[in-house]
Amino acid sequence: MWKFIIIVAVIALLVYLVIAYYPPLGGKSSAESQKRIQRSPNFADGKFRNQIDTPMKYGFKDTVEALYKTVKGTPNSRPKKSNPSVPFDAKAFSASSDDQVIWFGHSTLLLKVSGVKLLIDPVFSNYAAPVRYFGPKRYSYELPATIEELPVIDAVLISHDHYDHLDYRSIRKLKEKVKQFIVPLGVSGHLTKWGIDPERIVELDWWDEQSFQGLTLVSTPARHFSGRNVNDSGSTLWSSWVIMGDRSKIYFSGDSGYAPHFKEIGSKYGPFDLTLMETGQYDEKWANIHMTPEESLQANQEVQGKLMVPIHWGAFTLALHSWTDPIERAKRAADQLGTALATPKLGEPVIIGAEEFPSSTWWEE
């Protein structure tokens, strides 16, 4: 009996130590950040809340069903070969005066707006998980560029703290290459634990505007949730982002279910020259927190987007649809609505405001 008690105690201690100290699981907000969190109109009963009721009923039966489907496998869940990509030309990117965006797969994006270099949701690791070799595996190990090949980044924007958007190893590698981190309220606790100086972090609540090197950056609502540890669900905010420069206005949806905030954002800040809209990793049981491609096109219309780039696909399988389903459905919906849809390969620049933009069906190759 005593041996059993000792074994249980040791296991419990190890679990506690992992939860408390394993770096990829993140950290706690500072006392100053906690004061702001408590004052936030979006925080109630110990958690951040969406603007509208967002039930996420996912019980034991749903978990078992999802595990069964995952083990069984989904046809065409991953590409049979590496996705085609365009090698990143750091010199051309830095020298160009064009406002532009380069997609690295999923929701990782490199932007240049009014000469300011922005990196959004940088995930350069091969697994979207806290432990290597576990969790969703990247389709292709060959990205258009490594972190070392990127230019100095003026600011990193983070949408929320899930592993496929906020990656410990990528942030550690970027630490000395980024001047500023601009994040939703509460997310700074993860970054400071990973060695980022608090003075280089700006936290924003929904509708907060931040002037940065001539740009106006706005943390805007999304319909989602947060948390990366076993006991921190809702402890940090999730955001979409508005980026406004001298020549271009850009909207990044982050992860979001379809909701009225799109019309509200469009009314306040639209029209947008470019939208970067979540289009993949959906399921009928996640309908409140992830959009279908058709909803993404509708949301693009509501924020008044002139040109849309579908994101949140093309790198990891996180849902039970085929890997090409998001872009195929998005293209059909765009054709029906008469919406301009850019379909860049990984690493292929999209020049904002240009008459021509990438539109090949490269996923069929």
# chains A, B, ... in the order shown; residues from 1 in each chain; ligands from 1

$ residues_around --residues "His312 (chain A)" --least-positions-apart "3" --cutoff "7 Å" --atoms "only C-alpha atoms" --output "list in words"
His106, Ser107, Glu278, Thr279 and Gly280 of chain A

$ residues_around --residues "His224 (chain A)" --least-positions-apart "4" --cutoff "10 Å" --atoms "only C-alpha atoms" --output "PyMOL selection string"
chain A and resi 49-50+54+56+160+234+237-239+254-258+286+288-290

$ write_last_selection --atoms "N, CA and C atoms" --output "CSV table (one decimal), in the first residue's frame"
chain,number,residue,atom,x,y,z
A,49,ARG,N,-14.5,36.9,-21.9
A,49,ARG,CA,-15.7,36.4,-22.5
A,49,ARG,C,-15.8,37.0,-24.0
A,50,ASN,N,-16.5,36.3,-24.8
A,50,ASN,CA,-16.9,36.8,-26.1
A,50,ASN,C,-18.0,37.8,-26.1
A,54,THR,N,-21.1,32.0,-26.5
A,54,THR,CA,-20.3,31.1,-27.3
A,54,THR,C,-20.2,29.8,-26.7
A,56,MET,N,-19.4,26.0,-26.0
A,56,MET,CA,-18.5,25.0,-26.6
A,56,MET,C,-18.8,23.6,-25.9
A,160,HIS,N,-3.6,35.1,-30.3
A,160,HIS,CA,-4.0,34.5,-29.0
A,160,HIS,C,-3.0,33.4,-28.7
A,234,GLY,N,-9.3,30.9,-20.7
A,234,GLY,CA,-9.9,32.3,-20.6
A,234,GLY,C,-9.1,33.3,-19.8
A,237,LEU,N,-6.7,37.2,-23.4
A,237,LEU,CA,-7.6,37.6,-24.5
A,237,LEU,C,-7.2,37.1,-25.8
A,238,TRP,N,-8.2,37.0,-26.7
A,238,TRP,CA,-7.9,36.7,-28.1
A,238,TRP,C,-8.4,37.9,-29.0
A,239,SER,N,-7.7,38.1,-30.1
A,239,SER,CA,-8.0,39.3,-30.9
A,239,SER,C,-7.9,39.1,-32.4
A,254,GLY,N,-7.5,36.7,-37.1
A,254,GLY,CA,-7.2,35.7,-36.0
A,254,GLY,C,-8.1,34.5,-36.2
A,255,ASP,N,-8.2,33.7,-35.1
A,255,ASP,CA,-9.2,32.6,-35.1
A,255,ASP,C,-10.5,33.2,-34.6
A,256,SER,N,-11.6,32.8,-35.3
A,256,SER,CA,-12.9,33.4,-34.9
A,256,SER,C,-14.0,32.6,-35.5
A,257,GLY,N,-15.1,32.4,-34.8
A,257,GLY,CA,-16.4,32.0,-35.3
A,257,GLY,C,-17.0,33.2,-36.0
A,258,TYR,N,-18.0,32.9,-36.8
A,258,TYR,CA,-18.8,34.0,-37.4
A,258,TYR,C,-19.6,34.7,-36.4
A,286,TRP,N,-17.4,22.8,-33.7
A,286,TRP,CA,-16.6,24.0,-33.4
A,286,TRP,C,-17.2,25.2,-34.1
A,288,ASN,N,-19.0,27.6,-33.4
A,288,ASN,CA,-19.0,28.9,-32.7
A,288,ASN,C,-17.6,29.6,-32.6
A,289,ILE,N,-16.6,28.8,-32.9
A,289,ILE,CA,-15.2,29.3,-32.7
A,289,ILE,C,-14.4,29.3,-33.9
A,290,HIS,N,-14.8,28.6,-35.0
A,290,HIS,CA,-14.1,28.6,-36.3
A,290,HIS,C,-15.1,28.7,-37.4

$ select_by_dssp --residues "region 121-247 of chain A" --states "helix (DSSP H, G or I)" --output "list of chain:residue names"
A:Ile147, A:Glu148, A:Glu149, A:Tyr168, A:Arg169, A:Ser170, A:Ile171, A:Arg172, A:Lys173, A:Leu174, A:Ser188, A:Gly189, A:His190, A:Leu191, A:Thr192, A:Lys193, A:Pro198, A:Glu199, A:Arg200

$ write_last_selection --atoms "all heavy atoms" --output "compact mmCIF listing (two decimals), in the first residue's frame"
# COMPACT_ATOMS: atom_id res chain seq x y z
N ILE A 147 13.86 31.52 -39.46
CA ILE A 147 13.86 32.74 -38.65
C ILE A 147 15.17 33.49 -38.83
O ILE A 147 15.19 34.73 -38.91
CB ILE A 147 13.61 32.39 -37.16
CG1 ILE A 147 12.15 32.00 -36.97
CG2 ILE A 147 13.98 33.57 -36.25
CD1 ILE A 147 11.80 31.51 -35.59
N GLU A 148 16.25 32.76 -38.95
CA GLU A 148 17.57 33.40 -39.11
C GLU A 148 17.65 34.18 -40.42
O GLU A 148 18.42 35.15 -40.51
CB GLU A 148 18.67 32.34 -39.07
CG GLU A 148 18.88 31.69 -37.70
CD GLU A 148 17.81 30.66 -37.35
OE1 GLU A 148 17.04 30.25 -38.24
OE2 GLU A 148 17.74 30.26 -36.17
N GLU A 149 16.89 33.78 -41.43
CA GLU A 149 16.94 34.45 -42.73
C GLU A 149 16.01 35.66 -42.83
O GLU A 149 16.05 36.38 -43.82
CB GLU A 149 16.60 33.44 -43.83
CG GLU A 149 17.66 32.36 -44.00
CD GLU A 149 17.19 31.20 -44.87
OE1 GLU A 149 15.97 30.93 -44.93
OE2 GLU A 149 18.05 30.53 -45.46
N TYR A 168 6.54 28.69 -28.54
CA TYR A 168 7.66 28.94 -27.63
C TYR A 168 9.01 28.98 -28.34
O TYR A 168 9.78 29.93 -28.19
CB TYR A 168 7.66 27.86 -26.54
CG TYR A 168 8.95 27.75 -25.76
CD1 TYR A 168 9.30 28.74 -24.84
CD2 TYR A 168 9.80 26.67 -25.93
CE1 TYR A 168 10.48 28.64 -24.11
CE2 TYR A 168 10.98 26.56 -25.21
CZ TYR A 168 11.32 27.55 -24.30
OH TYR A 168 12.49 27.45 -23.59
N ARG A 169 9.29 27.97 -29.15
CA ARG A 169 10.60 27.89 -29.78
C ARG A 169 10.81 29.02 -30.79
O ARG A 169 11.91 29.56 -30.93
CB ARG A 169 10.80 26.51 -30.42
CG ARG A 169 10.90 25.41 -29.37
CD ARG A 169 10.94 24.02 -29.95
NE ARG A 169 11.00 23.02 -28.89
CZ ARG A 169 9.94 22.57 -28.23
NH1 ARG A 169 8.73 22.99 -28.57
NH2 ARG A 169 10.07 21.69 -27.25
N SER A 170 9.76 29.38 -31.50
CA SER A 170 9.88 30.48 -32.46
C SER A 170 10.12 31.81 -31.75
O SER A 170 10.95 32.62 -32.18
CB SER A 170 8.62 30.58 -33.33
OG SER A 170 8.44 29.40 -34.10
N ILE A 171 9.40 32.05 -30.66
CA ILE A 171 9.59 33.29 -29.91
C ILE A 171 10.99 33.37 -29.34
O ILE A 171 11.65 34.43 -29.37
CB ILE A 171 8.54 33.41 -28.78
CG1 ILE A 171 7.13 33.51 -29.35
CG2 ILE A 171 8.85 34.61 -27.88
CD1 ILE A 171 6.86 34.75 -30.18
N ARG A 172 11.50 32.26 -28.84
CA ARG A 172 12.87 32.26 -28.30
C ARG A 172 13.89 32.60 -29.37
O ARG A 172 14.84 33.35 -29.12
CB ARG A 172 13.18 30.88 -27.69
CG ARG A 172 12.41 30.58 -26.41
CD ARG A 172 12.96 31.32 -25.23
NE ARG A 172 14.33 30.89 -24.92
CZ ARG A 172 15.10 31.47 -24.00
NH1 ARG A 172 14.65 32.52 -23.35
NH2 ARG A 172 16.31 31.02 -23.75
N LYS A 173 13.69 32.07 -30.58
CA LYS A 173 14.62 32.37 -31.67
C LYS A 173 14.48 33.81 -32.16
O LYS A 173 15.45 34.42 -32.62
CB LYS A 173 14.40 31.41 -32.84
CG LYS A 173 14.89 30.00 -32.58
CD LYS A 173 14.70 29.13 -33.82
CE LYS A 173 15.22 27.73 -33.60
NZ LYS A 173 15.05 26.87 -34.81
N LEU A 174 13.27 34.35 -32.05
CA LEU A 174 13.01 35.71 -32.53
C LEU A 174 13.40 36.77 -31.50
O LEU A 174 13.41 37.97 -31.83
CB LEU A 174 11.52 35.87 -32.85
CG LEU A 174 11.03 35.27 -34.16
CD1 LEU A 174 9.51 35.12 -34.13
CD2 LEU A 174 11.46 36.13 -35.34
N SER A 188 1.26 38.74 -22.26
CA SER A 188 2.64 39.10 -21.91
C SER A 188 3.25 38.13 -20.90
O SER A 188 4.47 37.96 -20.87
CB SER A 188 2.70 40.52 -21.36
OG SER A 188 2.01 40.61 -20.12
N GLY A 189 2.41 37.49 -20.07
CA GLY A 189 2.95 36.56 -19.09
C GLY A 189 3.72 35.42 -19.71
O GLY A 189 4.73 34.96 -19.17
N HIS A 190 3.26 34.94 -20.86
CA HIS A 190 3.99 33.89 -21.57
C HIS A 190 5.33 34.42 -22.07
O HIS A 190 6.38 33.77 -21.93
CB HIS A 190 3.17 33.38 -22.76
CG HIS A 190 1.82 32.86 -22.40
ND1 HIS A 190 1.59 32.00 -21.35
CD2 HIS A 190 0.59 33.08 -22.98
CE1 HIS A 190 0.31 31.70 -21.29
NE2 HIS A 190 -0.32 32.35 -22.26
N LEU A 191 5.30 35.60 -22.66
CA LEU A 191 6.51 36.15 -23.27
C LEU A 191 7.59 36.47 -22.24
O LEU A 191 8.78 36.22 -22.46
CB LEU A 191 6.17 37.40 -24.08
CG LEU A 191 5.15 37.23 -25.21
CD1 LEU A 191 4.98 38.54 -25.97
CD2 LEU A 191 5.56 36.12 -26.17
N THR A 192 7.18 37.03 -21.11
CA THR A 192 8.18 37.37 -20.09
C THR A 192 8.81 36.10 -19.51
O THR A 192 10.01 36.08 -19.21
CB THR A 192 7.57 38.22 -18.97
OG1 THR A 192 6.40 37.56 -18.44
CG2 THR A 192 7.16 39.59 -19.50
N LYS A 193 8.03 35.03 -19.39
CA LYS A 193 8.60 33.77 -18.91
C LYS A 193 9.64 33.25 -19.89
O LYS A 193 10.60 32.58 -19.50
CB LYS A 193 7.51 32.73 -18.70
CG LYS A 193 8.05 31.40 -18.17
CD LYS A 193 6.98 30.49 -17.64
CE LYS A 193 7.60 29.23 -17.04
NZ LYS A 193 6.60 28.35 -16.41
N PRO A 198 9.83 42.97 -20.45
CA PRO A 198 8.47 43.55 -20.38
C PRO A 198 8.36 44.91 -21.06
O PRO A 198 7.27 45.28 -21.53
CB PRO A 198 8.22 43.67 -18.87
CG PRO A 198 9.11 42.64 -18.25
CD PRO A 198 10.33 42.58 -19.12
N GLU A 199 9.45 45.66 -21.11
CA GLU A 199 9.41 46.98 -21.75
C GLU A 199 9.23 46.88 -23.26
O GLU A 199 8.90 47.88 -23.91
CB GLU A 199 10.68 47.76 -21.42
CG GLU A 199 10.78 48.13 -19.94
CD GLU A 199 11.98 49.00 -19.65
OE1 GLU A 199 12.74 49.30 -20.61
OE2 GLU A 199 12.16 49.38 -18.47
N ARG A 200 9.44 45.69 -23.81
CA ARG A 200 9.28 45.49 -25.26
C ARG A 200 7.92 44.89 -25.59
O ARG A 200 7.68 44.49 -26.73
CB ARG A 200 10.39 44.58 -25.79
CG ARG A 200 11.79 45.21 -25.73
CD ARG A 200 12.85 44.16 -25.94
NE ARG A 200 12.69 43.45 -27.20
CZ ARG A 200 13.22 42.26 -27.46
NH1 ARG A 200 13.93 41.63 -26.53
NH2 ARG A 200 13.04 41.68 -28.63

$ atom_distance --atom1 "CA of Arg36 (chain A)" --atom2 "CA of Pro184 (chain A)"
11.5 Å

$ closest_residue --among "A:Glu209, A:Glu294, A:Asp232, A:Asp89" --to "Thr146 (chain A)" --atoms "only C-alpha atoms"
A:Asp89

$ residues_around --residues "Leu119 (chain A)" --least-positions-apart "4" --cutoff "10 Å" --atoms "only C-alpha atoms" --output "MDAnalysis selection string"
chainID A and resid 101:102 108:112 150 153:158 178 181

$ residues_around --residues "Ser85 (chain A)" --least-positions-apart "2" --cutoff "10 Å" --atoms "only C-alpha atoms" --output "PyMOL selection string"
chain A and resi 82-83+87-88+103-105+140+142-145+344-348+362

$ write_last_selection --atoms "N, CA and C atoms" --output "CSV table (one decimal), in the first residue's frame"
chain,number,residue,atom,x,y,z
A,82,SER,N,5.5,17.8,-50.6
A,82,SER,CA,5.7,19.1,-50.0
A,82,SER,C,5.0,20.2,-50.8
A,83,ASN,N,4.4,21.1,-50.1
A,83,ASN,CA,3.7,22.2,-50.8
A,83,ASN,C,4.7,23.0,-51.6
A,87,PRO,N,11.0,30.8,-52.5
A,87,PRO,CA,12.0,31.1,-51.5
A,87,PRO,C,12.0,32.6,-51.2
A,88,PHE,N,12.1,32.9,-49.9
A,88,PHE,CA,12.0,34.3,-49.4
A,88,PHE,C,13.3,35.1,-49.8
A,103,TRP,N,2.8,34.9,-47.0
A,103,TRP,CA,2.2,33.9,-46.1
A,103,TRP,C,3.2,32.7,-46.0
A,104,PHE,N,3.4,32.3,-44.8
A,104,PHE,CA,4.3,31.2,-44.5
A,104,PHE,C,3.5,29.9,-44.1
A,105,GLY,N,2.2,29.9,-44.4
A,105,GLY,CA,1.4,28.7,-44.0
A,105,GLY,C,0.7,29.0,-42.7
A,140,SER,N,5.3,20.4,-44.5
A,140,SER,CA,6.6,20.5,-45.2
A,140,SER,C,7.6,21.1,-44.2
A,142,GLU,N,10.3,22.4,-45.2
A,142,GLU,CA,11.0,23.4,-46.0
A,142,GLU,C,10.1,24.7,-46.1
A,143,LEU,N,10.3,25.6,-45.2
A,143,LEU,CA,9.6,26.9,-45.2
A,143,LEU,C,10.3,27.8,-46.2
A,144,PRO,N,9.6,28.9,-46.6
A,144,PRO,CA,10.3,29.8,-47.5
A,144,PRO,C,11.5,30.5,-46.9
A,145,ALA,N,11.5,30.5,-45.6
A,145,ALA,CA,12.7,31.1,-44.9
A,145,ALA,C,12.7,30.6,-43.5
A,344,PRO,N,-1.9,32.8,-52.8
A,344,PRO,CA,-0.4,32.7,-52.9
A,344,PRO,C,0.1,31.3,-52.5
A,345,LYS,N,1.2,30.9,-53.1
A,345,LYS,CA,2.0,29.8,-52.6
A,345,LYS,C,2.7,30.3,-51.3
A,346,LEU,N,3.2,29.4,-50.5
A,346,LEU,CA,4.0,29.8,-49.4
A,346,LEU,C,5.2,30.6,-49.8
A,347,GLY,N,5.3,31.8,-49.3
A,347,GLY,CA,6.5,32.6,-49.6
A,347,GLY,C,6.2,33.6,-50.8
A,348,GLU,N,5.1,33.5,-51.5
A,348,GLU,CA,4.8,34.3,-52.7
A,348,GLU,C,4.2,35.6,-52.2
A,362,TRP,N,-2.5,26.1,-57.1
A,362,TRP,CA,-1.2,25.3,-56.9
A,362,TRP,C,-1.5,24.1,-56.1

$ closest_residue --among "A:Trp363, A:Phe225, A:Phe262, A:Trp313" --to "Pro55 (chain A)" --atoms "only C-alpha atoms"
A:Phe225

$ atom_distance --atom1 "CA of Ile352 (chain A)" --atom2 "CA of Val202 (chain A)"
26.6 Å
